[in-house]
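The block underneath contains the structure these notes are about, expressed in structure tokens.
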Amino acid sequence: MITKSFFVRSQRSMKHTDKALTVLCLCCATAMAHGADINTEPSTTQPIDDGHKLHHLEKVSVTASGQTLHEVVQPTKVISESELQQAAGSSLGELLEDMPGVSNASFGPGVGRPVIRGMSGNRVKIAVNGSDAADVSAMSSDHAPMAEASNAKQVEVIYGPGTLLFGSGAIGGVINVADNRFHEMPLVDAQGNGVSEAQVGFSVSSVNQGSELSAQLDSGFAKNWVMHFDAFQRESENYESPIGEVLNTSTQSTGVNLGLTRIDNNGRAGVAISYLDYDYGVPNEENEAASIAPSQFRMDALHEVFVYGGVLESVKTQLSINDYEHNEIDEGTVVGYFDKQNVELKSIFSFANAWGFDSKVGVHANLQELALCHDHNGCQDGVPDYSHLPWDGSKGSSFDTITDDNGNTVEFAHDTPMPETQTLDTAVFVLIENDWQQGKQEYALRMDQRNIEADPVSIRPAGREASAHYDDKNFLAVTASAGWTWLMDQQKWGLSLAHTERAPQADEIFWNGDHHATFSYQLDNPDLEKETAHTLDLTYQYFSGPMQWDAAIYYYDFDGFIYNELQDVKDPYHGNDVYQFVQEDAYLTGFELAWQVQLDQAWALNVVTDHVTARLKSSANKNLPRTPPQTLLMGLSWQTGHWLLKSNVKYFAKQDQVAGSESPTDAYQTLNAMAAYEFEWNKMHMDVNLKGNNLTDELGRNHVSYLKAYSPLPGRNISLDVQVSF
């Protein structure tokens, strides 16, 4: 339940937001005076690798960037609606983990945040229709992303430096969930009368007694209006692993989304509201009844207009307002409470053939306020307020100290772990591109200004640092990228270079306290500086008749890489592991390779493999923690008439290149199969998918998961998914 509106803030909070909201209002007024988006034309038909099978796509639009798939210089993959239905699981990590370069940082069955090329957290942005998901999932793997794929039309994975439209923090990549809340075309018949389209889905699974019901309705009326509605409900019990039931893994999820769009020859305008509510258990060593219950109310607005004549082609403006909260529950008591409010505004001005280039110029602003509570007696009253207690600005007396093995003094406080913070990000960016003799070329520049204000009012004075600790933090981050493609007979080469700077997040700087869901203690680090990365990404595609190759190699060189380092002390309150965000130079390098061949009209074979190395440049143990192991997937499919049969074996190599105090994981493999039947019945389109996952009941542990010791791979699972469209 939402406990307070975004606009109902306390007086002490409003004093921080006045100037930020003024900036947003000015940006909004400027943007709304102009308009909207880029009119993307279909590309020519070519074989495309979607990570699952080889087929031809005539109209594949990357909604996050406003380009067709063939126009994108940077590496990009698109998972269609039908392929989402065929995939196993429901979280983003589960749906995408068979794609090259993508892993699943699962935290039990309720959470699965994608890891791209070994990078996660704040380096991987989750978006909904191009706007920030505005949750706290980047802070910790136990926080579920508020981006639901149950009624998505496609999911886009944008790798490498091509993520500039989303901010410098998305160096690892962007996961964009695209749905139909905003329509691009009127929904009418040949006579111009409004028509309606509906879809109902139902699925069940054996490994966790899970079930899901989803529905969506799109209805056109008054010639140029389209209404969209979708909803889902999902629940499951504790799941079975090959070694028995994994306790505390039940889940419940509910969501609803309502959108209205007006479309005419000059553009479109729309507004949408949505609500998501999750409740999922967190498996743990002590089998405590630990769970997390996040919820989000979201409002999105879109306005785009096309300009005919002149160099200005279109303008697209997106506004998103989010109210998010989540409870961390231990044995029935809310011991942790997060409250986040977020406003994001982005306008993109598109120019056609200006000075020989097509270009985009954008302004981007994002305001977020984060406050939280930690109390073993319960956070029934939400975020505490100790503004009535006197404080002279000096450091409090309620700190416990421990000396580590190197003689360093480590200080702990057992109060609200983090001050209330307000982070204002403002940015401008420009992207120019054109065709050249060999293919396309693209150049981009982005400048981000981050201001973080902290107010320790939610921390008792006895647990506060000296007042200077909470001084404003200001960072200027500059990102520049260049990309080229070369088209030859049946071949396409791509090269991307980038200089990327990422400013630290408020939680990386200020968090000093328990995090119960991860059974750990986090230390603050006010000395963090921005990290810098220089990246190289080389891609290759070859398609000839029934065969296609897709390959990529990449190298990321980091100065001041920010990572969460395990310390050699235990916290004095619970004996949990202690972590701190620190900075060292590092590099990540790896490759991805996919080979697909159509053996005959019915049979197709595909092979996918990837590998990443992630290491510090100088350290006693150079390996970065939770680096994904190498994987190899071999699949065979048969398709004829209304039938599609698929099977694959996916091998996960042993991961023994581990950080200090991190345990290795053994190799394992899973056998998966699917049978799909598609047909028309009584003017309805029916899709039936019968899926079997881990059919050999193999024991495996996900190396990128914090919970690999307590939450092994689910055992044999048989699931049935039925979709009815009419």
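Lettering and numbering for the structure tokens are positional, with chains as A, B, ... in the shown order, residues counted from 1 in each chain, and ligands counted from 1 in the shown order.
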
List the neighbours of segment 126-136 of chain A out to 6 Å using only C-alpha atoms; skip same-chain residues closer than 4 positions along the sequence, and give me the result as a PDB file with C-alpha atoms, in the first residue's frame.
ATOM      1  CA  ALA A  64      14.383   2.622 -26.344  1.00  0.00           C
ATOM      2  CA  MET A 146       9.920  -2.898 -10.951  1.00  0.00           C
ATOM      3  CA  VAL A 174      20.264  -1.364 -20.622  1.00  0.00           C
ATOM      4  CA  ILE A 175      17.320  -3.739 -20.247  1.00  0.00           C
ATOM      5  CA  ASN A 176      14.270  -2.024 -21.699  1.00  0.00           C
ATOM      6  CA  VAL A 177      10.822  -3.595 -21.221  1.00  0.00           C
ATOM      7  CA  ALA A 178       8.457  -2.317 -23.919  1.00  0.00           C
TER       8      ALA A 178
END

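Counting only C-alpha atoms, Trp603 of chain A has the following residues at most 6 Å away, ignoring those fewer than 4 positions along the same chain: Leu599, Ser637 and Trp638 of chain A.
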
Exercise for review: Calculate how many Å separate atom CA of Glu662 of chain A from atom CA of Asn284 of chain A, rounding to one decimal.
Suggested key: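 It comes out at 16.8 Å.
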
Check your understanding: Can you tell me, as a list in words, what residues are no more than 9 Å from segment 431-446 of chain A when counting only C-alpha atoms, ignoring any on the same chain fewer than 6 positions away?
Key ->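 Final neighbour list, sorted by chain and number: Glu71, Val72, Val73, Leu164, Leu165, Gly167, Ser168, Asn353, Gly356, Phe357, Asp358, Ser359, Lys360, Val361, Gly362, Ala477, Val478, Thr479, Ala480, Ser481, Ala482, Gly483, Trp484, Thr485, Trp486, Leu487, Met488 and Lys492 of chain A.
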
Given the selection you just returned, output its residues as a file containing C-alpha atoms, formatted as a PDB file, in the first residue's frame.
ATOM      1  CA  GLU A  71      20.013   1.053 -37.893  1.00  0.00           C
ATOM      2  CA  VAL A  72      21.589   0.569 -34.475  1.00  0.00           C
ATOM      3  CA  VAL A  73      25.376   0.784 -34.566  1.00  0.00           C
ATOM      4  CA  LEU A 164      24.200   6.947 -23.889  1.00  0.00           C
ATOM      5  CA  LEU A 165      20.517   7.924 -24.120  1.00  0.00           C
ATOM      6  CA  GLY A 167      22.933   8.092 -18.763  1.00  0.00           C
ATOM      7  CA  SER A 168      26.572   7.451 -18.009  1.00  0.00           C
ATOM      8  CA  ASN A 353      20.081  15.832 -42.721  1.00  0.00           C
ATOM      9  CA  GLY A 356      24.999  16.131 -43.718  1.00  0.00           C
ATOM     10  CA  PHE A 357      24.088  14.229 -40.518  1.00  0.00           C
ATOM     11  CA  ASP A 358      20.961  12.960 -38.827  1.00  0.00           C
ATOM     12  CA  SER A 359      21.174  13.972 -35.204  1.00  0.00           C
ATOM     13  CA  LYS A 360      19.487  13.948 -31.830  1.00  0.00           C
ATOM     14  CA  VAL A 361      19.899  16.545 -29.126  1.00  0.00           C
ATOM     15  CA  GLY A 362      18.478  15.830 -25.711  1.00  0.00           C
ATOM     16  CA  ALA A 477      30.611  13.085 -15.695  1.00  0.00           C
ATOM     17  CA  VAL A 478      31.430  13.225 -19.404  1.00  0.00           C
ATOM     18  CA  THR A 479      30.748  10.381 -21.815  1.00  0.00           C
ATOM     19  CA  ALA A 480      31.849  10.261 -25.460  1.00  0.00           C
ATOM     20  CA  SER A 481      31.418   7.411 -27.908  1.00  0.00           C
ATOM     21  CA  ALA A 482      31.994   6.649 -31.558  1.00  0.00           C
ATOM     22  CA  GLY A 483      30.777   3.736 -33.634  1.00  0.00           C
ATOM     23  CA  TRP A 484      31.135   2.487 -37.171  1.00  0.00           C
ATOM     24  CA  THR A 485      29.670  -0.367 -39.200  1.00  0.00           C
ATOM     25  CA  TRP A 486      31.043  -1.902 -42.373  1.00  0.00           C
ATOM     26  CA  LEU A 487      28.641  -3.761 -44.681  1.00  0.00           C
ATOM     27  CA  MET A 488      30.061  -6.266 -47.137  1.00  0.00           C
ATOM     28  CA  LYS A 492      28.575  -6.799 -41.150  1.00  0.00           C
TER      29      LYS A 492
END

Review point. Residues of segment 488-607 of chain A in strand (DSSP E or B) according to DSSP, as a PyMOL selection string?
Key: chain A and resi 488+491-502+513-515+520-523+531-544+547-570+577-598+603-607

Practice item. Mind checking which residues fall within 12 Å of Phe519 of chain A, counting only C-alpha atoms, ignoring those fewer than 5 positions away in the same chain, and posting them as a PyMOL selection string? Key: chain A and resi 140+142+282-288+290+328+330+513-514+570-571+573-579+706-707

Exercise for review: Tell me which of A:Ser82, A:Ser250, A:Ser618, A:Ser398 sits closest to Ala462 of chain A, counting only C-alpha atoms.
Suggested key: A:Ser398

Point to revise | All residues 8 Å or closer to Ala289 of chain A, only C-alpha atoms, same chain fewer than 5 positions away omitted, as a VMD selection string | key: chain A and resid 248 281 to 282 329 to 332

Restricting it to all heavy atoms, dump the selection as a PDB file, in the first residue's frame.
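Generated file (result_4.pdb):
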ATOM      1  N   ASN A 248      11.214 -20.870   2.445  1.00  0.00           N
ATOM      2  CA  ASN A 248      11.115 -19.415   2.392  1.00  0.00           C
ATOM      3  C   ASN A 248      11.315 -18.879   0.978  1.00  0.00           C
ATOM      4  O   ASN A 248      11.997 -17.880   0.755  1.00  0.00           O
ATOM      5  CB  ASN A 248      12.159 -18.781   3.333  1.00  0.00           C
ATOM      6  CG  ASN A 248      11.716 -17.425   3.851  1.00  0.00           C
ATOM      7  OD1 ASN A 248      10.560 -17.234   4.198  1.00  0.00           O
ATOM      8  ND2 ASN A 248      12.636 -16.480   3.873  1.00  0.00           N
ATOM      9  N   GLY A 281       9.746 -14.434  -0.615  1.00  0.00           N
ATOM     10  CA  GLY A 281      10.620 -14.895   0.449  1.00  0.00           C
ATOM     11  C   GLY A 281      12.079 -14.817   0.049  1.00  0.00           C
ATOM     12  O   GLY A 281      12.429 -14.837  -1.129  1.00  0.00           O
ATOM     13  N   VAL A 282      12.945 -14.737   1.060  1.00  0.00           N
ATOM     14  CA  VAL A 282      14.394 -14.689   0.857  1.00  0.00           C
ATOM     15  C   VAL A 282      15.009 -15.901   1.544  1.00  0.00           C
ATOM     16  O   VAL A 282      15.083 -15.955   2.774  1.00  0.00           O
ATOM     17  CB  VAL A 282      14.993 -13.395   1.424  1.00  0.00           C
ATOM     18  CG1 VAL A 282      16.503 -13.381   1.249  1.00  0.00           C
ATOM     19  CG2 VAL A 282      14.366 -12.169   0.761  1.00  0.00           C
ATOM     20  N   ILE A 329      11.030  -7.793   5.912  1.00  0.00           N
ATOM     21  CA  ILE A 329      10.294  -8.392   7.031  1.00  0.00           C
ATOM     22  C   ILE A 329      11.073  -9.581   7.578  1.00  0.00           C
ATOM     23  O   ILE A 329      11.511 -10.453   6.826  1.00  0.00           O
ATOM     24  CB  ILE A 329       8.890  -8.825   6.568  1.00  0.00           C
ATOM     25  CG1 ILE A 329       8.155  -7.632   5.936  1.00  0.00           C
ATOM     26  CG2 ILE A 329       8.092  -9.405   7.716  1.00  0.00           C
ATOM     27  CD1 ILE A 329       6.911  -8.021   5.162  1.00  0.00           C
ATOM     28  N   ASP A 330      11.251  -9.596   8.879  1.00  0.00           N
ATOM     29  CA  ASP A 330      11.946 -10.690   9.555  1.00  0.00           C
ATOM     30  C   ASP A 330      11.047 -11.212  10.664  1.00  0.00           C
ATOM     31  O   ASP A 330      10.716 -10.486  11.608  1.00  0.00           O
ATOM     32  CB  ASP A 330      13.282 -10.196  10.117  1.00  0.00           C
ATOM     33  CG  ASP A 330      14.124 -11.317  10.702  1.00  0.00           C
ATOM     34  OD1 ASP A 330      13.744 -12.491  10.546  1.00  0.00           O
ATOM     35  OD2 ASP A 330      15.164 -11.018  11.322  1.00  0.00           O
ATOM     36  N   GLU A 331      10.625 -12.478  10.515  1.00  0.00           N
ATOM     37  CA  GLU A 331       9.745 -13.113  11.506  1.00  0.00           C
ATOM     38  C   GLU A 331       8.515 -12.258  11.798  1.00  0.00           C
ATOM     39  O   GLU A 331       8.097 -12.081  12.939  1.00  0.00           O
ATOM     40  CB  GLU A 331      10.513 -13.401  12.794  1.00  0.00           C
ATOM     41  CG  GLU A 331      11.721 -14.298  12.632  1.00  0.00           C
ATOM     42  CD  GLU A 331      11.359 -15.732  12.262  1.00  0.00           C
ATOM     43  OE1 GLU A 331      10.177 -16.082  12.374  1.00  0.00           O
ATOM     44  OE2 GLU A 331      12.259 -16.485  11.849  1.00  0.00           O
ATOM     45  N   GLY A 332       7.928 -11.688  10.747  1.00  0.00           N
ATOM     46  CA  GLY A 332       6.702 -10.920  10.870  1.00  0.00           C
ATOM     47  C   GLY A 332       6.872  -9.464  11.235  1.00  0.00           C
ATOM     48  O   GLY A 332       5.889  -8.721  11.265  1.00  0.00           O
TER      49      GLY A 332
END

Review point. What's the 6 Å shell around Asn672 of chain A, counting only C-alpha atoms, without same-chain residues fewer than 2 positions away, as a VMD selection string?
Key: chain A and resid 647 to 648 692 to 694

Those same residues - C-alpha atoms - I'd like them written as a CSV table (one decimal), in the first residue's frame.
chain,number,residue,atom,x,y,z
A,647,SER,CA,15.4,-28.6,-26.9
A,648,ASN,CA,18.7,-27.5,-25.6
A,692,GLY,CA,10.3,-28.8,-19.3
A,693,ASN,CA,13.3,-27.3,-17.6
A,694,ASN,CA,16.2,-29.1,-15.9

Point to revise | Point-to-point distance in Å for atom CA of Thr627 of chain A and atom CA of Val658 of chain A | key: 7.6 Å

**Study point:** Contact residues around Glu501 of chain A with only C-alpha atoms at 12 Å, ignoring same-chain residues under 4 positions, as a ChimeraX atom specification
**Key:** /A:123,161,164,167-171,445-450,475-481,529-535,557-562

Practice item. Kindly give the distance, in Å, that separates atom CA of Gln601 of chain A and atom CA of Lys646 of chain A, rounded to a single decimal. Key: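 Taking atom CA of Gln601 of chain A and atom CA of Lys646 of chain A, their separation equals 14.8 Å.
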